[in-house]
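Structure data (mmCIF, C-alpha atoms) from entry.cif:
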data_query
#
loop_
_atom_site.label_atom_id
_atom_site.label_comp_id
_atom_site.auth_asym_id
_atom_site.auth_seq_id
_atom_site.Cartn_x
_atom_site.Cartn_y
_atom_site.Cartn_z
CA MET H 30 17.40 -2.70 27.18
CA LYS H 31 16.24 -1.65 30.64
CA LYS H 32 12.60 -0.61 30.91
CA ILE H 33 12.13 2.98 32.01
CA ASN H 34 9.12 4.14 33.99
CA VAL H 35 7.86 7.27 32.26
CA GLY H 36 5.23 8.00 34.86
CA ARG H 37 1.96 7.32 33.03
CA LYS H 38 -0.25 4.61 34.36
CA ILE H 39 -1.87 3.12 31.30
CA LEU H 40 0.41 2.64 28.33
CA SER H 41 0.14 0.10 25.60
CA GLU H 42 3.07 -2.24 25.13
CA ASN H 43 3.93 -0.35 21.95
CA GLU H 44 3.84 3.04 23.66
CA LYS H 45 6.11 1.81 26.45
CA TYR H 46 8.77 0.74 24.00
CA ALA H 47 8.25 3.83 21.82
CA PHE H 48 9.00 6.01 24.85
CA GLU H 49 12.11 3.95 25.57
CA ASN H 50 13.21 4.46 21.98
CA VAL H 51 12.61 8.23 22.20
CA LEU H 52 14.87 8.35 25.25
CA PHE H 53 17.44 6.15 23.52
CA PHE H 54 17.66 8.48 20.49
CA HIS H 55 17.76 11.52 22.78
CA LYS H 56 20.54 10.09 24.96
CA HIS H 57 22.63 9.00 21.97
CA LYS H 58 21.86 12.23 20.05
CA LYS H 59 20.89 10.30 16.94
CA LEU H 60 18.35 11.29 14.35
CA CYS H 61 15.90 8.50 13.57
CA LEU H 62 13.49 8.74 10.64
CA ASN H 63 10.64 6.30 10.00
CA MET H 64 10.07 5.88 6.25
CA ILE H 65 6.54 4.94 5.24
CA SER H 66 4.92 4.37 1.84
CA SER H 67 2.96 1.95 -0.29
CA PRO H 68 4.84 -1.06 -1.64
CA GLY H 69 7.02 -0.07 -4.58
CA SER H 70 7.20 3.69 -4.01
CA GLY H 71 10.97 3.41 -3.97
CA LYS H 72 11.91 3.56 -0.27
CA THR H 73 14.86 1.18 -0.64
CA THR H 74 16.16 2.82 -3.81
CA ILE H 75 15.96 6.25 -2.14
CA LEU H 76 17.87 4.91 0.87
CA ILE H 77 20.61 3.38 -1.29
CA ARG H 78 21.04 6.55 -3.32
CA THR H 79 21.01 8.71 -0.16
CA ILE H 80 23.55 6.52 1.66
CA ASN H 81 25.92 6.59 -1.32
CA GLU H 82 25.48 10.33 -1.82
CA LEU H 83 26.21 11.12 1.85
CA LYS H 84 28.88 8.43 2.38
CA ASP H 85 31.62 10.97 3.24
CA LYS H 86 29.35 13.28 5.23
CA ILE H 87 27.09 11.29 7.54
CA LYS H 88 27.03 7.63 8.57
CA ILE H 89 23.63 6.04 8.15
CA GLY H 90 22.33 2.79 9.66
CA VAL H 91 19.15 1.09 8.50
CA ILE H 92 16.45 -1.03 10.11
CA GLU H 93 14.61 -2.85 7.33
CA GLY H 94 11.02 -3.96 7.88
CA ASP H 95 9.46 -6.51 5.53
CA ILE H 96 6.67 -9.02 5.79
CA GLN H 97 8.91 -11.64 4.25
CA THR H 98 12.31 -11.94 2.50
CA ASP H 99 15.57 -10.03 3.02
CA ILE H 100 15.63 -8.66 -0.55
CA ASP H 101 15.76 -5.05 0.66
CA ALA H 102 18.32 -5.65 3.43
CA ARG H 103 20.64 -7.32 0.91
CA ARG H 104 20.32 -4.30 -1.39
CA ILE H 105 21.17 -1.94 1.50
CA LYS H 106 24.08 -4.16 2.59
CA ALA H 107 25.71 -3.67 -0.81
CA THR H 108 26.25 0.00 0.16
CA LYS H 109 28.25 -1.18 3.22
CA ALA H 110 25.84 0.61 5.57
CA PRO H 111 24.98 -1.38 8.71
CA VAL H 112 21.53 -2.92 8.35
CA VAL H 113 19.25 -5.06 10.54
CA GLN H 114 16.38 -6.97 8.94
CA ILE H 115 13.05 -7.41 10.72
CA ASN H 116 10.54 -9.84 9.19
CA THR H 117 7.05 -9.23 10.50
CA ASP H 118 5.79 -12.58 9.21
CA GLY H 119 2.51 -11.25 7.89
CA ALA H 120 2.06 -8.19 10.12
CA CYS H 121 1.35 -4.95 8.28
CA HIS H 122 3.57 -2.58 10.29
CA LEU H 123 6.65 -2.43 12.51
CA THR H 124 6.29 -2.08 16.27
CA ALA H 125 8.35 -0.21 18.86
CA PRO H 126 9.52 -3.41 20.62
CA GLN H 127 10.92 -4.65 17.28
CA ILE H 128 12.84 -1.38 16.86
CA SER H 129 14.13 -1.57 20.42
CA ALA H 130 15.52 -5.07 19.74
CA ALA H 131 16.99 -4.03 16.37
CA LEU H 132 18.79 -1.05 17.92
CA GLU H 133 20.81 -3.45 20.05
CA LYS H 134 22.19 -5.02 16.87
CA LEU H 135 23.24 -1.75 15.22
CA PRO H 136 26.64 -0.10 15.92
CA VAL H 137 24.78 3.01 17.05
CA ASP H 138 27.83 4.87 18.38
CA ASP H 139 29.44 4.76 14.93
CA LEU H 140 26.37 6.22 13.23
CA ASP H 141 25.04 9.74 12.72
CA MET H 142 21.52 8.67 12.00
CA ILE H 143 19.17 5.71 11.60
CA PHE H 144 16.53 5.10 8.96
CA ILE H 145 13.68 2.73 9.66
CA GLU H 146 12.17 1.39 6.44
CA ASN H 147 8.68 0.35 7.46
CA VAL H 148 6.55 -2.36 5.82
CA GLY H 149 5.09 -1.15 2.50
CA ASN H 150 1.67 0.13 3.61
CA LEU H 151 0.35 3.67 3.43
CA VAL H 152 -2.20 3.15 6.20
CA CYS H 153 -1.33 1.07 9.27
CA PRO H 154 2.30 2.05 10.03
CA SER H 155 1.19 5.65 10.59
CA ASP H 156 -0.69 4.55 13.72
CA PHE H 157 2.31 2.97 15.45
CA ASP H 158 4.78 5.29 17.14
CA LEU H 159 8.26 3.75 16.97
CA GLY H 160 9.85 6.54 19.00
CA GLU H 161 11.36 8.11 15.87
CA ASN H 162 12.18 11.82 15.52
CA GLY H 163 10.02 12.08 12.44
CA LYS H 164 8.16 10.22 9.74
CA VAL H 165 9.07 10.46 6.05
CA VAL H 166 6.25 9.55 3.67
CA VAL H 167 7.20 8.56 0.13
CA LEU H 168 4.74 8.88 -2.76
CA SER H 169 5.71 7.83 -6.26
CA VAL H 170 4.19 9.81 -9.12
CA ALA H 171 2.97 6.51 -10.59
CA GLU H 172 0.54 6.25 -7.63
CA GLY H 173 -1.39 9.39 -8.53
CA ASP H 174 -1.66 12.92 -7.14
CA ASP H 175 -4.92 12.18 -5.26
CA LYS H 176 -3.18 10.12 -2.54
CA PRO H 177 -2.73 12.87 0.11
CA ALA H 178 -6.51 13.50 -0.03
CA LYS H 179 -7.38 9.81 0.00
CA TYR H 180 -4.89 8.64 2.65
CA PRO H 181 -4.66 11.72 4.87
CA GLY H 182 -3.41 10.06 8.08
CA ILE H 183 0.21 9.58 7.11
CA PHE H 184 0.51 12.93 5.28
CA ALA H 185 -0.85 14.73 8.36
CA LYS H 186 1.72 13.04 10.62
CA SER H 187 4.87 13.21 8.48
CA ARG H 188 7.73 15.65 8.80
CA VAL H 189 8.78 15.11 5.17
CA LEU H 190 7.09 14.11 1.91
CA LEU H 191 9.32 12.71 -0.82
CA ILE H 192 7.60 12.71 -4.22
CA ASN H 193 9.61 10.01 -6.01
CA LYS H 194 10.03 8.83 -9.62
CA ILE H 195 9.69 12.30 -11.14
CA ASP H 196 11.71 10.89 -14.07
CA LEU H 197 8.41 9.25 -15.13
CA LEU H 198 6.88 12.69 -15.72
CA GLY H 199 8.95 13.43 -18.82
CA ALA H 200 7.48 13.72 -22.28
CA GLY H 201 6.55 10.44 -23.90
CA THR H 202 5.40 8.71 -20.71
CA GLN H 203 1.83 7.96 -19.70
CA VAL H 204 2.05 9.18 -16.10
CA ASP H 205 -0.21 12.10 -15.16
CA PHE H 206 0.69 13.61 -11.82
CA ASP H 207 0.16 17.22 -10.79
CA ILE H 208 2.95 17.93 -8.30
CA GLU H 209 1.29 21.19 -7.21
CA ARG H 210 -1.99 19.40 -6.43
CA ALA H 211 -0.18 16.81 -4.30
CA LYS H 212 1.79 19.54 -2.51
CA ASP H 213 -1.31 21.65 -1.86
CA ASP H 214 -3.29 18.70 -0.53
CA ALA H 215 -0.41 17.60 1.72
CA ARG H 216 0.02 21.15 3.07
CA LYS H 217 -3.70 21.43 3.79
CA LEU H 218 -3.25 18.45 6.12
CA ASN H 219 0.12 19.55 7.48
CA LYS H 220 1.29 23.09 6.87
CA ASP H 221 4.86 22.42 8.04
CA ILE H 222 5.57 19.35 5.92
CA GLU H 223 8.86 19.56 3.98
CA ILE H 224 8.37 18.41 0.39
CA PHE H 225 11.13 17.19 -1.92
CA PRO H 226 10.24 15.99 -5.44
CA LEU H 227 13.04 13.73 -6.64
CA SER H 228 14.06 10.74 -8.70
CA ALA H 229 16.09 8.14 -6.85
CA LYS H 230 16.90 6.67 -10.25
CA THR H 231 18.34 9.71 -12.03
CA GLY H 232 19.37 11.66 -8.91
CA GLU H 233 17.30 14.71 -9.88
CA GLY H 234 16.18 16.63 -6.80
CA LEU H 235 18.29 14.53 -4.45
CA ALA H 236 20.59 17.36 -3.34
CA ALA H 237 17.90 19.33 -1.51
CA TRP H 238 16.77 16.22 0.41
CA CYS H 239 20.40 15.36 1.31
CA ASP H 240 21.08 18.92 2.51
CA TRP H 241 18.02 18.73 4.73
CA LEU H 242 19.22 15.39 6.13
CA ILE H 243 22.71 16.69 6.93
CA LYS H 244 21.23 19.69 8.75
CA SER H 245 18.74 17.52 10.63
CA ALA H 246 21.33 14.90 11.62
CA GLN H 247 23.44 17.67 13.18
CA ASN H 248 20.56 18.74 15.35
CA PRO H 249 18.30 15.71 15.68
CA ALA H 250 15.78 17.10 18.16
CA SER H 251 14.93 20.38 16.49
CA GLY H 252 11.68 20.70 14.67
CA PHE H 253 10.61 17.12 15.01
CA THR H 254 7.57 15.56 16.49
CA ALA H 255 7.52 11.83 17.00
CA MET L 23 -30.64 -8.40 6.06
CA LYS L 24 -31.78 -11.31 8.24
CA LYS L 25 -29.03 -13.10 10.15
CA ILE L 26 -28.63 -16.73 9.19
CA ASN L 27 -27.39 -19.35 11.59
CA VAL L 28 -24.72 -21.30 9.75
CA GLY L 29 -24.25 -23.82 12.53
CA ARG L 30 -20.79 -23.05 13.85
CA LYS L 31 -20.48 -21.96 17.45
CA ILE L 32 -17.61 -19.54 17.49
CA LEU L 33 -17.49 -17.10 14.62
CA SER L 34 -16.07 -13.62 14.57
CA GLU L 35 -18.48 -10.82 13.72
CA ASN L 36 -16.73 -10.51 10.35
CA GLU L 37 -17.02 -14.22 9.59
CA LYS L 38 -20.72 -14.21 10.44
CA TYR L 39 -21.41 -11.46 7.92
CA ALA L 40 -19.02 -12.97 5.36
CA PHE L 41 -21.03 -16.21 5.47
CA GLU L 42 -24.25 -14.21 5.03
CA ASN L 43 -22.72 -12.51 2.02
CA VAL L 44 -21.63 -15.87 0.53
CA LEU L 45 -25.21 -17.09 0.81
CA PHE L 46 -26.52 -13.83 -0.64
CA PHE L 47 -24.30 -14.09 -3.75
CA HIS L 48 -25.17 -17.78 -4.10
CA LYS L 49 -28.90 -17.16 -3.82
CA HIS L 50 -28.84 -14.24 -6.28
CA LYS L 51 -26.40 -16.06 -8.62
CA LYS L 52 -24.13 -13.02 -8.78
CA LEU L 53 -20.39 -13.01 -9.20
CA CYS L 54 -18.64 -10.81 -6.62
CA LEU L 55 -14.96 -9.99 -6.95
CA ASN L 56 -12.92 -8.25 -4.24
CA MET L 57 -10.24 -6.05 -5.81
CA ILE L 58 -7.14 -5.48 -3.69
CA SER L 59 -3.93 -3.56 -4.32
CA SER L 60 -1.63 -0.84 -3.05
CA PRO L 61 -2.82 2.74 -3.39
CA GLY L 62 -2.42 3.94 -6.97
CA SER L 63 -2.11 0.59 -8.75
CA GLY L 64 -5.04 1.58 -10.93
CA LYS L 65 -8.03 -0.30 -9.48
CA THR L 66 -10.52 2.47 -10.27
CA THR L 67 -9.18 3.08 -13.77
CA ILE L 68 -9.35 -0.67 -14.51
CA LEU L 69 -12.95 -0.75 -13.26
CA ILE L 70 -13.98 2.23 -15.41
CA ARG L 71 -12.37 0.78 -18.51
CA THR L 72 -13.87 -2.67 -17.82
CA ILE L 73 -17.38 -1.29 -17.21
CA ASN L 74 -17.28 0.72 -20.43
CA GLU L 75 -15.85 -2.18 -22.42
CA LEU L 76 -18.53 -4.61 -21.19
CA LYS L 77 -21.43 -2.13 -21.14
CA ASP L 78 -23.49 -4.08 -23.70
CA LYS L 79 -22.55 -7.50 -22.36
CA ILE L 80 -22.73 -7.57 -18.57
CA LYS L 81 -24.09 -5.13 -16.02
CA ILE L 82 -21.59 -4.32 -13.28
CA GLY L 83 -22.24 -2.72 -9.88
CA VAL L 84 -19.47 -1.38 -7.66
CA ILE L 85 -18.89 -1.06 -3.91
CA GLU L 86 -16.15 1.53 -3.41
CA GLY L 87 -14.02 1.39 -0.26
CA ASP L 88 -11.93 4.40 0.71
CA ILE L 89 -10.52 5.74 3.93
CA GLN L 90 -11.81 9.19 3.04
CA THR L 91 -13.31 11.06 0.06
CA ASP L 92 -15.68 9.91 -2.68
CA ILE L 93 -13.22 10.68 -5.49
CA ASP L 94 -13.32 7.11 -6.79
CA ALA L 95 -17.10 6.68 -6.48
CA ARG L 96 -17.62 9.87 -8.48
CA ARG L 97 -15.30 8.55 -11.21
CA ILE L 98 -17.26 5.26 -11.33
CA LYS L 99 -20.60 7.11 -11.34
CA ALA L 100 -19.60 8.84 -14.58
CA THR L 101 -19.83 5.42 -16.30
CA LYS L 102 -23.49 5.20 -15.16
CA ALA L 103 -22.78 1.97 -13.26
CA PRO L 104 -24.51 1.78 -9.86
CA VAL L 105 -22.01 2.50 -7.09
CA VAL L 106 -22.11 2.62 -3.29
CA GLN L 107 -19.34 4.43 -1.41
CA ILE L 108 -18.04 3.15 1.93
CA ASN L 109 -15.71 5.44 3.90
CA THR L 110 -13.77 3.50 6.52
CA ASP L 111 -12.74 6.67 8.34
CA GLY L 112 -9.15 5.57 8.91
CA ALA L 113 -9.56 1.80 8.86
CA CYS L 114 -7.22 -0.05 6.54
CA HIS L 115 -9.63 -2.60 5.04
CA LEU L 116 -13.31 -3.24 4.32
CA THR L 117 -15.31 -5.59 6.53
CA ALA L 118 -18.09 -8.06 5.73
CA PRO L 119 -20.75 -6.10 7.71
CA GLN L 120 -19.97 -3.02 5.58
CA ILE L 121 -20.46 -5.09 2.41
CA SER L 122 -23.70 -6.54 3.75
CA ALA L 123 -25.06 -3.01 4.33
CA ALA L 124 -23.84 -1.77 0.93
CA LEU L 125 -25.54 -4.66 -0.88
CA GLU L 126 -28.90 -3.38 0.35
CA LYS L 127 -28.28 -0.13 -1.50
CA LEU L 128 -27.34 -1.73 -4.84
CA PRO L 129 -30.00 -2.73 -7.43
CA VAL L 130 -28.66 -6.28 -7.27
CA ASP L 131 -31.40 -7.87 -9.40
CA ASP L 132 -30.47 -5.62 -12.33
CA LEU L 133 -26.79 -6.57 -12.17
CA ASP L 134 -24.73 -9.47 -13.49
CA MET L 135 -21.85 -8.96 -11.12
CA ILE L 136 -20.47 -6.80 -8.33
CA PHE L 137 -16.95 -5.48 -7.88
CA ILE L 138 -15.75 -4.48 -4.44
CA GLU L 139 -12.87 -2.01 -4.64
CA ASN L 140 -11.11 -2.43 -1.32
CA VAL L 141 -9.04 0.22 0.50
CA GLY L 142 -5.62 0.66 -1.11
CA ASN L 143 -3.48 -1.68 0.96
CA LEU L 144 -1.62 -4.78 -0.20
CA VAL L 145 -1.54 -6.33 3.26
CA CYS L 146 -4.55 -6.07 5.59
CA PRO L 147 -7.54 -6.52 3.24
CA SER L 148 -6.31 -10.00 2.35
CA ASP L 149 -7.08 -11.14 5.91
CA PHE L 150 -10.76 -10.14 5.86
CA ASP L 151 -13.18 -12.42 4.06
CA LEU L 152 -16.02 -10.33 2.61
CA GLY L 153 -17.90 -13.36 1.30
CA GLU L 154 -16.75 -12.67 -2.26
CA ASN L 155 -16.38 -15.37 -4.93
CA GLY L 156 -12.78 -14.41 -5.50
CA LYS L 157 -10.07 -11.85 -4.91
CA VAL L 158 -8.40 -9.92 -7.74
CA VAL L 159 -4.99 -8.50 -6.85
CA VAL L 160 -3.70 -5.61 -8.96
CA LEU L 161 0.03 -4.87 -9.25
CA SER L 162 1.27 -1.94 -11.31
CA VAL L 163 4.62 -2.37 -13.06
CA ALA L 164 5.75 0.86 -11.37
CA GLU L 165 5.69 -0.99 -8.03
CA GLY L 166 8.36 -3.51 -9.01
CA ASP L 167 8.43 -7.20 -9.91
CA ASP L 168 9.54 -8.28 -6.40
CA LYS L 169 6.12 -7.65 -4.84
CA PRO L 170 4.70 -11.23 -5.05
CA ALA L 171 7.76 -12.45 -3.12
CA LYS L 172 7.62 -9.62 -0.59
CA TYR L 173 3.84 -9.54 0.00
CA PRO L 174 2.94 -13.21 -0.51
CA GLY L 175 -0.34 -13.29 1.42
CA ILE L 176 -2.57 -11.61 -1.12
CA PHE L 177 -0.97 -13.33 -4.13
CA ALA L 178 -1.48 -16.72 -2.47
CA LYS L 179 -5.16 -15.99 -1.88
CA SER L 180 -6.18 -14.35 -5.16
CA ARG L 181 -8.02 -15.91 -8.05
CA VAL L 182 -6.66 -13.33 -10.52
CA LEU L 183 -3.55 -11.14 -10.80
CA LEU L 184 -3.82 -8.07 -13.02
CA ILE L 185 -0.40 -6.64 -13.91
CA ASN L 186 -1.36 -3.06 -14.75
CA LYS L 187 0.32 -0.07 -16.45
CA ILE L 188 2.25 -2.19 -18.95
CA ASP L 189 2.27 0.94 -21.15
CA LEU L 190 5.07 2.16 -18.84
CA LEU L 191 7.32 -0.66 -20.05
CA GLY L 192 7.82 0.83 -23.51
CA ALA L 193 11.17 2.13 -24.73
CA GLY L 194 12.15 5.50 -23.31
CA THR L 195 10.70 4.96 -19.84
CA GLN L 196 12.61 4.27 -16.65
CA VAL L 197 10.46 1.40 -15.38
CA ASP L 198 12.18 -1.98 -14.96
CA PHE L 199 9.73 -4.80 -14.42
CA ASP L 200 10.25 -8.41 -15.42
CA ILE L 201 6.74 -9.73 -16.11
CA GLU L 202 8.00 -13.33 -16.17
CA ARG L 203 9.59 -12.96 -12.74
CA ALA L 204 6.36 -11.59 -11.26
CA LYS L 205 4.33 -14.36 -12.92
CA ASP L 206 6.70 -17.10 -11.73
CA ASP L 207 6.74 -15.79 -8.16
CA ALA L 208 2.94 -15.47 -8.09
CA ARG L 209 2.52 -19.02 -9.46
CA LYS L 210 4.94 -20.41 -6.87
CA LEU L 211 2.50 -19.09 -4.24
CA ASN L 212 -0.65 -20.01 -6.14
CA LYS L 213 -0.41 -22.37 -9.10
CA ASP L 214 -3.98 -21.68 -10.29
CA ILE L 215 -3.83 -17.89 -10.32
CA GLU L 216 -5.05 -16.34 -13.60
CA ILE L 217 -2.67 -13.59 -14.75
CA PHE L 218 -3.57 -10.79 -17.17
CA PRO L 219 -0.95 -8.14 -17.99
CA LEU L 220 -2.77 -5.04 -19.23
CA SER L 221 -2.89 -1.28 -19.47
CA ALA L 222 -6.12 0.31 -18.28
CA LYS L 223 -4.90 3.48 -19.96
CA THR L 224 -4.24 2.23 -23.50
CA GLY L 225 -6.54 -0.80 -23.36
CA GLU L 226 -3.76 -3.23 -24.26
CA GLY L 227 -4.44 -6.69 -22.80
CA LEU L 228 -7.93 -5.76 -21.67
CA ALA L 229 -9.77 -8.18 -23.97
CA ALA L 230 -8.47 -11.33 -22.28
CA TRP L 231 -9.47 -10.03 -18.84
CA CYS L 232 -12.94 -9.04 -20.12
CA ASP L 233 -13.45 -12.46 -21.74
CA TRP L 234 -12.56 -14.11 -18.46
CA LEU L 235 -15.05 -11.85 -16.63
CA ILE L 236 -17.92 -12.63 -19.04
CA LYS L 237 -17.29 -16.36 -18.64
CA SER L 238 -17.05 -16.10 -14.86
CA ALA L 239 -20.18 -13.92 -14.52
CA GLN L 240 -22.15 -16.57 -16.42
CA ASN L 241 -21.12 -19.20 -13.92
CA PRO L 242 -20.24 -17.38 -10.71
CA ALA L 243 -19.62 -20.33 -8.45
CA SER L 244 -17.26 -22.38 -10.62
CA GLY L 245 -13.62 -22.39 -9.80
CA PHE L 246 -13.76 -19.86 -7.00
CA THR L 247 -12.73 -19.99 -3.43
CA ALA L 248 -13.81 -17.18 -1.12
#

Could you show the structure in this file as structure tokens?
Amino acid sequence: MKKINVGRKILSENEKYAFENVLFFHKHKKLCLNMISSPGSGKTTILIRTINELKDKIKIGVIEGDIQTDIDARRIKATKAPVVQINTDGACHLTAPQISAALEKLPVDDLDMIFIENVGNLVCPSDFDLGENGKVVVLSVAEGDDKPAKYPGIFAKSRVLLINKIDLLGAGTQVDFDIERAKDDARKLNKDIEIFPLSAKTGEGLAAWCDWLIKSAQNPASGFTA
Amino acid sequence: MKKINVGRKILSENEKYAFENVLFFHKHKKLCLNMISSPGSGKTTILIRTINELKDKIKIGVIEGDIQTDIDARRIKATKAPVVQINTDGACHLTAPQISAALEKLPVDDLDMIFIENVGNLVCPSDFDLGENGKVVVLSVAEGDDKPAKYPGIFAKSRVLLINKIDLLGAGTQVDFDIERAKDDARKLNKDIEIFPLSAKTGEGLAAWCDWLIKSAQNPASGFTA
């Protein structure tokens, strides 16, 4: 991809590529969401369920970030969605140059939107702009309702909070999680954050998230900050 | 604490302090374990349960690492164990200089061992030697059994793997986790890793972990690599 001079003198390598990616998404009118969470919050399962649910409505491509293995990319591939795997080989976050290179391998013109699944890490990925239209933070109820207060950075910067695995809150399980506490703490950090409690396993709550995605994919630039 | 020249020319600031800490633990004959996991795996709950269980057998002090808040330190304090809180203010891991400073605030002579609870992050803390006698990685069954394969660094470097929240594996829950798969993958990376499946909530499996701790606190240097 050609480098574009965006007129600022001192930019980090990551910022330069992030700005290129912003212009790329703008030019191609594609929504790009950067999904961030701890390991095991259910990012991949949410993506698979979302892709299948929206199959006849919007075409989704995925950039998969993992330290090692292509376990997640193979799971996404089973949905028939186009997917590009990035292995960071130990690094704790994806970078904008990696996204720039991955975009060249995706059939972008055939897609309505692109999900980036970042490395499982609730801290570092929030500091690296990939040029996305918005960040989506995923928190599983098994992780505890104190996480927005304890890891404020990513909740402050995200456009959407998905509270996953709400199926674990049913009677007879040992998971304590106060959804209202998590919502309140997230909104104290970020009053505009959209919050969808859901279970990627049972499908509960998925419809509201999918409706939001359809609307946002139709008008990628509105309401987002990168 | 006085700086000690350990004879190597080029050491990072972190390494210098890590070596000081190694010598400190050696001199004071104290076991120090560095606990690492994703956010919400249950590190604090395991510590509380362990401290209470071992109250009459070994005296435990805690260094609590968090990006923000003293939620965890306050929970530990309720057990009456001495605790020092470190807030990293955004940083994704603890450093050896922070541990060195915290040790000055702990009544080390009254303790048998020290736990460091690192920032919730399965990636970065594994790259920073704190001078500990060993790392303890915690994986909750809610995170999935593929985590040793996907985040190999910390599993390769840890002395102990605690597989927590096994109470969620009972009938009627939605959690799929193959303990044998996780064990096999961890042992492929690290044939000597000690593995204790347990539930900090119900206490199941805790006895074996506590026995191991008592034995290790009596002989802190044996069998550990920093």

Tell me, as a short mmCIF file (atom, residue, chain, number, x, y, z; two decimals) with C-alpha atoms, in the coordinates of the input, which residues lie within 10 Å of Arg78 of chain H, counting all atoms listed in the file; anything in the same chain fewer than 6 positions away does not count.
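Dumped everything to out-v1.cif:
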data_model
loop_
_atom_site.label_atom_id
_atom_site.label_comp_id
_atom_site.auth_asym_id
_atom_site.auth_seq_id
_atom_site.Cartn_x
_atom_site.Cartn_y
_atom_site.Cartn_z
CA LYS H 84 28.88 8.43 2.38
CA ILE H 105 21.17 -1.94 1.50
CA THR H 108 26.25 0.00 0.16
CA SER H 228 14.06 10.74 -8.70
CA ALA H 229 16.09 8.14 -6.85
CA LYS H 230 16.90 6.67 -10.25
CA THR H 231 18.34 9.71 -12.03
CA GLY H 232 19.37 11.66 -8.91
CA LEU H 235 18.29 14.53 -4.45
CA CYS H 239 20.40 15.36 1.31
#

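Atom pair atom CA of Ser187 of chain H / atom CA of Asn50 of chain H has a distance of 18.1 Å (rounded to one decimal).
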
Could you write out as a tab-separated table (two decimals) with C-alpha atoms, in the coordinates of the input the residues that the PyMOL selection byres ((chain L) within 7 of (chain H)) matches in the shown file?
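Writing done, so here's result11.tsv:
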chain	number	residue	atom	x	y	z
L	60	SER	CA	-1.63	-0.84	-3.05
L	61	PRO	CA	-2.82	2.74	-3.39
L	62	GLY	CA	-2.42	3.94	-6.97
L	63	SER	CA	-2.11	0.59	-8.75
L	89	ILE	CA	-10.52	5.74	3.93
L	90	GLN	CA	-11.81	9.19	3.04
L	91	THR	CA	-13.31	11.06	0.06
L	114	CYS	CA	-7.22	-0.05	6.54
L	143	ASN	CA	-3.48	-1.68	0.96
L	145	VAL	CA	-1.54	-6.33	3.26
L	146	CYS	CA	-4.55	-6.07	5.59
L	164	ALA	CA	5.75	0.86	-11.37
L	165	GLU	CA	5.69	-0.99	-8.03
L	166	GLY	CA	8.36	-3.51	-9.01
L	172	LYS	CA	7.62	-9.62	-0.59
L	173	TYR	CA	3.84	-9.54	0.00
L	190	LEU	CA	5.07	2.16	-18.84
L	195	THR	CA	10.70	4.96	-19.84
L	196	GLN	CA	12.61	4.27	-16.65

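Separating atom CA of Ile145 of chain H from atom CA of Glu93 of chain H is a distance of 6.1 Å.
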
Convert the output of the PyMOL selection byres ((chain L and resi 134) around 12) on the shown file into explicit residues, formatted as an mmCIF file with C-alpha atoms, keeping the file's coordinate frame.
data_model
loop_
_atom_site.group_PDB
_atom_site.id
_atom_site.type_symbol
_atom_site.label_atom_id
_atom_site.label_comp_id
_atom_site.auth_asym_id
_atom_site.auth_seq_id
_atom_site.Cartn_x
_atom_site.Cartn_y
_atom_site.Cartn_z
ATOM 1 C CA PHE L 47 -24.300 -14.090 -3.750
ATOM 2 C CA HIS L 50 -28.840 -14.240 -6.280
ATOM 3 C CA LYS L 51 -26.400 -16.060 -8.620
ATOM 4 C CA LYS L 52 -24.130 -13.020 -8.780
ATOM 5 C CA LEU L 53 -20.390 -13.010 -9.200
ATOM 6 C CA CYS L 54 -18.640 -10.810 -6.620
ATOM 7 C CA LEU L 55 -14.960 -9.990 -6.950
ATOM 8 C CA ILE L 73 -17.380 -1.290 -17.210
ATOM 9 C CA LEU L 76 -18.530 -4.610 -21.190
ATOM 10 C CA LYS L 77 -21.430 -2.130 -21.140
ATOM 11 C CA ASP L 78 -23.490 -4.080 -23.700
ATOM 12 C CA LYS L 79 -22.550 -7.500 -22.360
ATOM 13 C CA ILE L 80 -22.730 -7.570 -18.570
ATOM 14 C CA LYS L 81 -24.090 -5.130 -16.020
ATOM 15 C CA ILE L 82 -21.590 -4.320 -13.280
ATOM 16 C CA GLY L 83 -22.240 -2.720 -9.880
ATOM 17 C CA VAL L 84 -19.470 -1.380 -7.660
ATOM 18 C CA ALA L 103 -22.780 1.970 -13.260
ATOM 19 C CA PRO L 104 -24.510 1.780 -9.860
ATOM 20 C CA LEU L 128 -27.340 -1.730 -4.840
ATOM 21 C CA PRO L 129 -30.000 -2.730 -7.430
ATOM 22 C CA VAL L 130 -28.660 -6.280 -7.270
ATOM 23 C CA ASP L 131 -31.400 -7.870 -9.400
ATOM 24 C CA ASP L 132 -30.470 -5.620 -12.330
ATOM 25 C CA LEU L 133 -26.790 -6.570 -12.170
ATOM 26 C CA MET L 135 -21.850 -8.960 -11.120
ATOM 27 C CA ILE L 136 -20.470 -6.800 -8.330
ATOM 28 C CA PHE L 137 -16.950 -5.480 -7.880
ATOM 29 C CA LEU L 235 -15.050 -11.850 -16.630
ATOM 30 C CA ILE L 236 -17.920 -12.630 -19.040
ATOM 31 C CA LYS L 237 -17.290 -16.360 -18.640
ATOM 32 C CA SER L 238 -17.050 -16.100 -14.860
ATOM 33 C CA ALA L 239 -20.180 -13.920 -14.520
ATOM 34 C CA GLN L 240 -22.150 -16.570 -16.420
ATOM 35 C CA ASN L 241 -21.120 -19.200 -13.920
ATOM 36 C CA PRO L 242 -20.240 -17.380 -10.710
#

Please determine an axis-aligned box that encloses all atoms of segment 126-136 of chain H listed in the file, with 8 Å added on each side, and express its centre and edge lengths in Å to one decimal as lines of an AutoDock Vina configuration file.
center_x = 18.1
center_y = -2.6
center_z = 17.9
size_x = 33.1
size_y = 21.0
size_z = 21.4
